[in-house]
Structure formats: C-alpha cells, structure tokens
>>> print(open('final.cif').read())   # mmCIF, C-alpha atoms
data_structure
#
loop_
_atom_site.group_PDB
_atom_site.id
_atom_site.type_symbol
_atom_site.label_atom_id
_atom_site.label_comp_id
_atom_site.auth_asym_id
_atom_site.auth_seq_id
_atom_site.Cartn_x
_atom_site.Cartn_y
_atom_site.Cartn_z
ATOM 1 C CA MET Y 1 -9.995 -4.781 -1.419
ATOM 2 C CA VAL Y 2 -10.767 -1.196 -2.323
ATOM 3 C CA ILE Y 3 -9.072 1.871 -0.906
ATOM 4 C CA VAL Y 4 -10.803 5.228 -1.280
ATOM 5 C CA VAL Y 5 -8.598 8.312 -1.014
ATOM 6 C CA ARG Y 6 -9.984 11.623 0.283
ATOM 7 C CA GLY Y 7 -9.812 13.817 -2.803
ATOM 8 C CA GLU Y 8 -10.189 17.209 -1.104
ATOM 9 C CA LEU Y 9 -6.754 16.799 0.499
ATOM 10 C CA ARG Y 10 -5.105 16.922 -2.961
ATOM 11 C CA LEU Y 11 -2.282 14.661 -1.792
ATOM 12 C CA THR Y 12 0.773 14.176 -3.986
ATOM 13 C CA ALA Y 13 1.053 10.824 -5.765
ATOM 14 C CA GLY Y 14 3.657 9.660 -3.271
ATOM 15 C CA LYS Y 15 1.688 10.701 -0.199
ATOM 16 C CA ALA Y 16 -1.480 9.092 -1.579
ATOM 17 C CA ALA Y 17 0.439 5.886 -2.339
ATOM 18 C CA VAL Y 18 1.664 5.652 1.246
ATOM 19 C CA GLN Y 19 -1.845 6.204 2.619
ATOM 20 C CA VAL Y 20 -3.222 3.473 0.346
ATOM 21 C CA ALA Y 21 -0.434 1.167 1.520
ATOM 22 C CA HIS Y 22 -1.236 1.926 5.179
ATOM 23 C CA ALA Y 23 -4.853 0.910 4.565
ATOM 24 C CA ALA Y 24 -3.873 -2.263 2.693
ATOM 25 C CA VAL Y 25 -1.492 -3.482 5.401
ATOM 26 C CA LEU Y 26 -3.961 -2.722 8.211
ATOM 27 C CA LEU Y 27 -6.802 -4.500 6.412
ATOM 28 C CA ALA Y 28 -4.632 -7.503 5.548
ATOM 29 C CA GLN Y 29 -3.584 -7.857 9.201
ATOM 30 C CA GLU Y 30 -7.157 -7.449 10.415
ATOM 31 C CA ALA Y 31 -8.506 -9.918 7.855
ATOM 32 C CA ALA Y 32 -5.891 -12.536 8.707
ATOM 33 C CA LYS Y 33 -7.205 -12.452 12.292
ATOM 34 C CA ARG Y 34 -10.909 -11.750 11.904
ATOM 35 C CA ALA Y 35 -11.900 -12.975 8.441
ATOM 36 C CA PRO Y 36 -9.488 -15.801 7.614
ATOM 37 C CA GLU Y 37 -11.640 -17.190 4.808
ATOM 38 C CA ALA Y 38 -11.866 -13.843 2.983
ATOM 39 C CA PHE Y 39 -8.159 -13.357 3.614
ATOM 40 C CA ARG Y 40 -7.265 -16.740 2.100
ATOM 41 C CA ALA Y 41 -9.461 -16.126 -0.939
ATOM 42 C CA TRP Y 42 -7.863 -12.722 -1.455
ATOM 43 C CA SER Y 43 -4.335 -14.078 -1.038
ATOM 44 C CA ALA Y 44 -4.980 -16.925 -3.463
ATOM 45 C CA THR Y 45 -6.117 -14.524 -6.182
ATOM 46 C CA GLY Y 46 -3.230 -12.063 -6.219
ATOM 47 C CA GLN Y 47 -4.282 -9.791 -3.340
ATOM 48 C CA LYS Y 48 -6.247 -7.541 -5.678
ATOM 49 C CA LYS Y 49 -6.444 -3.885 -4.685
ATOM 50 C CA ILE Y 50 -8.224 -0.983 -6.333
ATOM 51 C CA ALA Y 51 -7.544 2.676 -5.486
ATOM 52 C CA LEU Y 52 -10.514 5.020 -5.864
ATOM 53 C CA VAL Y 53 -11.281 8.580 -4.859
ATOM 54 C CA ALA Y 54 -14.187 10.244 -3.059
ATOM 55 C CA PRO Y 55 -14.377 13.999 -2.509
ATOM 56 C CA THR Y 56 -14.714 14.501 1.245
ATOM 57 C CA LEU Y 57 -14.333 13.003 4.706
ATOM 58 C CA GLU Y 58 -18.136 12.890 4.916
ATOM 59 C CA ALA Y 59 -18.193 10.726 1.782
ATOM 60 C CA LEU Y 60 -15.638 8.346 3.325
ATOM 61 C CA GLU Y 61 -17.672 8.126 6.540
ATOM 62 C CA THR Y 62 -20.834 7.315 4.581
ATOM 63 C CA LEU Y 63 -18.972 4.527 2.760
ATOM 64 C CA ALA Y 64 -17.640 3.226 6.081
ATOM 65 C CA ARG Y 65 -21.168 3.024 7.482
ATOM 66 C CA GLN Y 66 -22.305 1.115 4.407
ATOM 67 C CA ALA Y 67 -19.386 -1.303 4.751
ATOM 68 C CA ARG Y 68 -20.200 -1.839 8.429
ATOM 69 C CA GLY Y 69 -23.837 -2.456 7.529
ATOM 70 C CA LEU Y 70 -22.761 -5.236 5.180
ATOM 71 C CA GLY Y 71 -20.435 -6.787 7.773
ATOM 72 C CA LEU Y 72 -17.287 -5.921 5.800
ATOM 73 C CA LEU Y 73 -13.956 -5.050 7.348
ATOM 74 C CA TRP Y 74 -12.971 -1.409 6.949
ATOM 75 C CA VAL Y 75 -10.309 0.967 8.223
ATOM 76 C CA LEU Y 76 -10.134 4.759 8.185
ATOM 77 C CA VAL Y 77 -6.448 5.702 7.989
ATOM 78 C CA GLU Y 78 -5.181 8.592 10.127
ATOM 79 C CA ASP Y 79 -1.950 10.129 9.001
ATOM 80 C CA ALA Y 80 0.787 10.809 11.521
ATOM 81 C CA GLY Y 81 1.024 14.182 9.824
ATOM 82 C CA PHE Y 82 4.715 14.727 9.321
ATOM 83 C CA THR Y 83 4.149 16.119 5.804
ATOM 84 C CA GLU Y 84 1.369 17.688 3.746
ATOM 85 C CA VAL Y 85 -1.468 17.285 6.299
ATOM 86 C CA PRO Y 86 -1.894 18.019 10.040
ATOM 87 C CA PRO Y 87 -1.474 15.100 12.505
ATOM 88 C CA GLY Y 88 -4.577 12.929 12.784
ATOM 89 C CA THR Y 89 -5.981 13.857 9.377
ATOM 90 C CA LYS Y 90 -8.102 11.028 7.987
ATOM 91 C CA THR Y 91 -6.700 10.373 4.527
ATOM 92 C CA CYS Y 92 -8.359 7.256 3.118
ATOM 93 C CA LEU Y 93 -10.802 4.427 3.756
ATOM 94 C CA GLY Y 94 -10.007 0.786 3.047
ATOM 95 C CA ILE Y 95 -12.746 -1.842 2.695
ATOM 96 C CA GLY Y 96 -12.325 -5.603 2.432
ATOM 97 C CA PRO Y 97 -10.925 -7.893 1.332
ATOM 98 C CA ALA Y 98 -14.236 -9.098 -0.075
ATOM 99 C CA ALA Y 99 -15.731 -10.317 -3.338
ATOM 100 C CA ALA Y 100 -16.333 -7.705 -6.046
ATOM 101 C CA SER Y 101 -20.026 -8.507 -5.725
ATOM 102 C CA GLN Y 102 -19.928 -7.263 -2.129
ATOM 103 C CA LEU Y 103 -17.787 -4.192 -2.807
ATOM 104 C CA ASP Y 104 -19.405 -2.946 -6.022
ATOM 105 C CA PRO Y 105 -22.693 -1.813 -4.431
ATOM 106 C CA ILE Y 106 -20.691 0.468 -2.112
ATOM 107 C CA THR Y 107 -17.835 1.745 -4.258
ATOM 108 C CA GLY Y 108 -18.674 0.689 -7.828
ATOM 109 C CA SER Y 109 -19.560 4.213 -8.956
ATOM 110 C CA LEU Y 110 -16.419 5.964 -7.630
ATOM 111 C CA PRO Y 111 -13.696 7.078 -10.070
ATOM 112 C CA LEU Y 112 -10.228 5.531 -10.046
ATOM 113 C CA LEU Y 113 -7.539 7.463 -8.159
ATOM 114 C CA MET K 1 10.048 0.513 4.859
ATOM 115 C CA VAL K 2 10.762 2.172 1.535
ATOM 116 C CA ILE K 3 9.033 1.420 -1.736
ATOM 117 C CA VAL K 4 10.712 2.521 -4.960
ATOM 118 C CA VAL K 5 8.465 2.889 -8.010
ATOM 119 C CA ARG K 6 9.823 2.358 -11.530
ATOM 120 C CA GLY K 7 9.579 5.827 -13.020
ATOM 121 C CA GLU K 8 9.935 4.910 -16.703
ATOM 122 C CA LEU K 9 6.514 3.200 -16.604
ATOM 123 C CA ARG K 10 4.841 6.580 -15.963
ATOM 124 C CA LEU K 11 2.050 4.925 -13.965
ATOM 125 C CA THR K 12 -1.022 6.912 -12.995
ATOM 126 C CA ALA K 13 -1.267 7.932 -9.326
ATOM 127 C CA GLY K 14 -3.831 5.202 -8.703
ATOM 128 C CA LYS K 15 -1.837 2.460 -10.377
ATOM 129 C CA ALA K 16 1.337 3.509 -8.555
ATOM 130 C CA ALA K 17 -0.548 3.548 -5.236
ATOM 131 C CA VAL K 18 -1.726 -0.023 -5.756
ATOM 132 C CA GLN K 19 1.792 -1.202 -6.633
ATOM 133 C CA VAL K 20 3.176 0.458 -3.496
ATOM 134 C CA ALA K 21 0.433 -1.219 -1.460
ATOM 135 C CA HIS K 22 1.274 -4.624 -2.996
ATOM 136 C CA ALA K 23 4.900 -4.183 -1.912
ATOM 137 C CA ALA K 24 3.931 -3.045 1.591
ATOM 138 C CA VAL K 25 1.599 -5.987 2.236
ATOM 139 C CA LEU K 26 4.093 -8.536 0.869
ATOM 140 C CA LEU K 27 6.938 -7.111 2.945
ATOM 141 C CA ALA K 28 4.803 -6.949 6.095
ATOM 142 C CA GLN K 29 3.810 -10.605 5.671
ATOM 143 C CA GLU K 30 7.389 -11.653 4.976
ATOM 144 C CA ALA K 31 8.740 -9.650 7.901
ATOM 145 C CA ALA K 32 6.176 -11.089 10.329
ATOM 146 C CA LYS K 33 7.539 -14.546 9.460
ATOM 147 C CA ARG K 34 11.222 -13.967 8.804
ATOM 148 C CA ALA K 35 12.193 -10.834 10.719
ATOM 149 C CA PRO K 36 9.808 -10.667 13.700
ATOM 150 C CA GLU K 37 11.950 -8.186 15.621
ATOM 151 C CA ALA K 38 12.107 -5.686 12.739
ATOM 152 C CA PHE K 39 8.401 -6.259 12.179
ATOM 153 C CA ARG K 40 7.534 -5.511 15.814
ATOM 154 C CA ALA K 41 9.685 -2.373 15.839
ATOM 155 C CA TRP K 42 8.024 -1.172 12.634
ATOM 156 C CA SER K 43 4.522 -1.924 13.918
ATOM 157 C CA ALA K 44 5.182 -0.158 17.220
ATOM 158 C CA THR K 45 6.250 3.043 15.441
ATOM 159 C CA GLY K 46 3.318 3.544 13.076
ATOM 160 C CA GLN K 47 4.378 1.236 10.231
ATOM 161 C CA LYS K 48 6.283 4.023 8.516
ATOM 162 C CA LYS K 49 6.447 3.835 4.720
ATOM 163 C CA ILE K 50 8.170 6.094 2.216
ATOM 164 C CA ALA K 51 7.440 6.038 -1.523
ATOM 165 C CA LEU K 52 10.366 6.954 -3.772
ATOM 166 C CA VAL K 53 11.106 6.745 -7.474
ATOM 167 C CA ALA K 54 14.001 5.382 -9.528
ATOM 168 C CA PRO K 55 14.141 5.639 -13.307
ATOM 169 C CA THR K 56 14.512 2.091 -14.605
ATOM 170 C CA LEU K 57 14.189 -1.613 -13.872
ATOM 171 C CA GLU K 58 18.004 -1.779 -13.860
ATOM 172 C CA ALA K 59 18.049 0.816 -11.086
ATOM 173 C CA LEU K 60 15.551 -1.237 -9.047
ATOM 174 C CA GLU K 61 17.626 -4.388 -9.547
ATOM 175 C CA THR K 62 20.762 -2.610 -8.383
ATOM 176 C CA LEU K 63 18.936 -1.448 -5.251
ATOM 177 C CA ALA K 64 17.653 -4.997 -4.665
ATOM 178 C CA ARG K 65 21.205 -6.352 -4.811
ATOM 179 C CA GLN K 66 22.337 -3.735 -2.304
ATOM 180 C CA ALA K 67 19.452 -4.641 0.027
ATOM 181 C CA ARG K 68 20.314 -8.321 -0.243
ATOM 182 C CA GLY K 69 23.955 -7.532 0.486
ATOM 183 C CA LEU K 70 22.902 -5.860 3.723
ATOM 184 C CA GLY K 71 20.615 -8.740 4.716
ATOM 185 C CA LEU K 72 17.440 -6.670 4.344
ATOM 186 C CA LEU K 73 14.110 -8.060 3.195
ATOM 187 C CA TRP K 74 13.065 -6.887 -0.273
ATOM 188 C CA VAL K 75 10.391 -7.671 -2.824
ATOM 189 C CA LEU K 76 10.161 -6.822 -6.519
ATOM 190 C CA VAL K 77 6.455 -6.490 -7.351
ATOM 191 C CA GLU K 78 5.169 -7.981 -10.612
ATOM 192 C CA ASP K 79 1.902 -6.605 -11.838
ATOM 193 C CA ALA K 80 -0.821 -8.959 -13.000
ATOM 194 C CA GLY K 81 -1.124 -6.602 -15.927
ATOM 195 C CA PHE K 82 -4.827 -6.027 -16.301
ATOM 196 C CA THR K 83 -4.322 -2.304 -16.925
ATOM 197 C CA GLU K 84 -1.574 0.087 -18.058
ATOM 198 C CA VAL K 85 1.288 -2.454 -18.245
ATOM 199 C CA PRO K 86 1.762 -5.945 -19.767
ATOM 200 C CA PRO K 87 1.400 -8.971 -17.425
ATOM 201 C CA GLY K 88 4.530 -9.663 -15.404
ATOM 202 C CA THR K 89 5.885 -6.120 -15.600
ATOM 203 C CA LYS K 90 8.028 -5.324 -12.574
ATOM 204 C CA THR K 91 6.595 -2.116 -11.181
ATOM 205 C CA CYS K 92 8.308 -1.380 -7.857
ATOM 206 C CA LEU K 93 10.787 -2.561 -5.257
ATOM 207 C CA GLY K 94 10.024 -2.662 -1.537
ATOM 208 C CA ILE K 95 12.811 -2.834 1.072
ATOM 209 C CA GLY K 96 12.437 -3.386 4.811
ATOM 210 C CA PRO K 97 11.055 -2.824 7.300
ATOM 211 C CA ALA K 98 14.363 -1.656 8.738
ATOM 212 C CA ALA K 99 15.848 1.287 10.599
ATOM 213 C CA ALA K 100 16.375 4.494 8.630
ATOM 214 C CA SER K 101 20.088 4.067 9.303
ATOM 215 C CA GLN K 102 20.003 0.813 7.314
ATOM 216 C CA LEU K 103 17.807 2.098 4.491
ATOM 217 C CA ASP K 104 19.378 5.527 3.928
ATOM 218 C CA PRO K 105 22.664 4.270 2.450
ATOM 219 C CA ILE K 106 20.663 2.469 -0.271
ATOM 220 C CA THR K 107 17.753 4.784 -1.006
ATOM 221 C CA GLY K 108 18.570 8.057 0.778
ATOM 222 C CA SER K 109 19.384 9.921 -2.437
ATOM 223 C CA LEU K 110 16.253 8.962 -4.404
ATOM 224 C CA PRO K 111 13.480 11.536 -4.937
ATOM 225 C CA LEU K 112 10.029 11.138 -3.383
ATOM 226 C CA LEU K 113 7.339 9.676 -5.635
#
>>> encode(input="final.cif", output="structure tokens")
Amino acid sequence: MVIVVRGELRLTAGKAAVQVAHAAVLLAQEAAKRAPEAFRAWSATGQKKIALVAPTLEALETLARQARGLGLLWVLVEDAGFTEVPPGTKTCLGIGPAAASQLDPITGSLPLL
Amino acid sequence: MVIVVRGELRLTAGKAAVQVAHAAVLLAQEAAKRAPEAFRAWSATGQKKIALVAPTLEALETLARQARGLGLLWVLVEDAGFTEVPPGTKTCLGIGPAAASQLDPITGSLPLL
C-alpha cells in the first residue's frame, strides 16, 4: 500500500500522519470487502505501507487514473477541515494494497514523505 | 482514536505517518471485532484520529496501562525495522476508538505531533 500526500498543502507532520492513516484504514476496509486475496496477502506480510509525496492535486488525480487503469483500489482522502485546511480539501491518495511490482510503475519515482 | 508517537525516536514525517497508520488500521480491525458499538460510532462520525507525541517508551507504556484500566482498546506498534529504527522498536501507541470524554483524561495534556 502506498499513500501519496499532497505536498503543496505543506501539512504539519501530525496532520499528514492523520491523513495517511485515514487513507490506510479506508483502503484496508475496502480491500477486505472487494479484494480479499490482496488483503490477505498484505495482512500476512506485515501490512506494509509507504508514505510518499507528490506536489499537487493534479498529480494525485493523474496517479489515481493510473491506478484505476491497472484495476487497483485507490482512495482520495477529503479532510473534514477542522484544522489547517478548508473542509473538503483533498489531502492524499492511497493505492493498494497490491504487490510492489504493481505499485512501482505508478509511484516508484516519487520521493518519500 | 488517538495515536501517540514516541518522540525520542525523532522519526521523519514519513516514517511517523506510517507508524500512525499502522496503529489506526490495527485498532480499526480490533474494534470491528471486539468493540462493534464503538467502531460503528467512530465510523459514523468520520473516523476521527488525532496524532500526539510523548517523549519515551516508558511514557507510552504508562498510557497503555491507563487505557487498559479504563477498558479501552490499545495497540503498541512494533516496527519491522527496515529503515530508521532497529527491528522490533516500539514506535507508537494507539488508543480507541472511544469518545473524547474517555480519551481526554489519558491523553488530553499531550502535544500534537
């Protein structure tokens, strides 16, 4: 599972951590229902997660389209907006869980958060 | 749900985010099984998460004992240790999901991550 944070928002470490956690929980719930095999494989190998960063919302939307094209689960997290960003701001994109070989072509060149 | 990161490890923002996400997913899974009412209430109100920081492992263990004493779910996350910290390092403590009125007496005085 990779989670790509929207760099232009310049979130604090704590705010970014919560957004990444939102994405991880939503993807885990979705995978348990819709991709049970990928979910089991991910659970059996330590529920690996990687946090990356991309500059803009447009970059996240491009990544989401690529994930959809490959049949991967993805979620674009909207923040409730109590702090730091206005309500409904899209803060990060989660993709997976999936094998590294499926995720690398999409997110392999992005820097770590 | 609150997640308390172990400050003395001085994790990068990305590493801390992944540890917080580990705690959130583990707690959500545990709550769905063992505390379905708290889980439903949390899910229906946007799956709120707060990331805090405490200085040491001893501080996290004290908080875990307090959570246990109040009958709250908690998880102490151990990192697989591929980067930044040795394998098995305890990186953060998640508590909940639970009402703010239950969590505040334990973690209400800790600073945000």
>>> residues_around(input="final.cif", residues="Ala35 of chain Y", least_positions_apart="6", cutoff="10 Å", atoms="all atoms listed in the file", output="number ranges by chain")
Y: 28-29, 72-73, 96-98
>>> interface_residues(input="final.cif", of="chain Y", to="chain K", cutoff="12 Å", atoms="all atoms listed in the file", output="PyMOL selection string")
chain Y and resi 1-5+10-29+32+43+45-53+77-83+94+111-113
>>> closest_residue(input="final.cif", among="Y:Glu30, Y:Glu8, Y:Asp104, Y:Glu84", to="Thr56 of chain Y", atoms="only C-alpha atoms")
Y:Glu8
>>> atom_distance(input="final.cif", atom1="atom CA of Pro55 of chain Y", atom2="atom CA of Leu9 of chain Y")
8.7 Å
>>> atom_distance(input="final.cif", atom1="atom CA of Ile106 of chain K", atom2="atom CA of Glu58 of chain K")
14.5 Å
>>> atom_distance(input="final.cif", atom1="atom CA of Gly69 of chain K", atom2="atom CA of Ala44 of chain K")
26.2 Å
>>> closest_residue(input="final.cif", among="Y:Ala54, Y:Ala38, Y:Leu60, Y:Val75", to="Ala100 of chain Y", atoms="all atoms listed in the file")
Y:Ala38
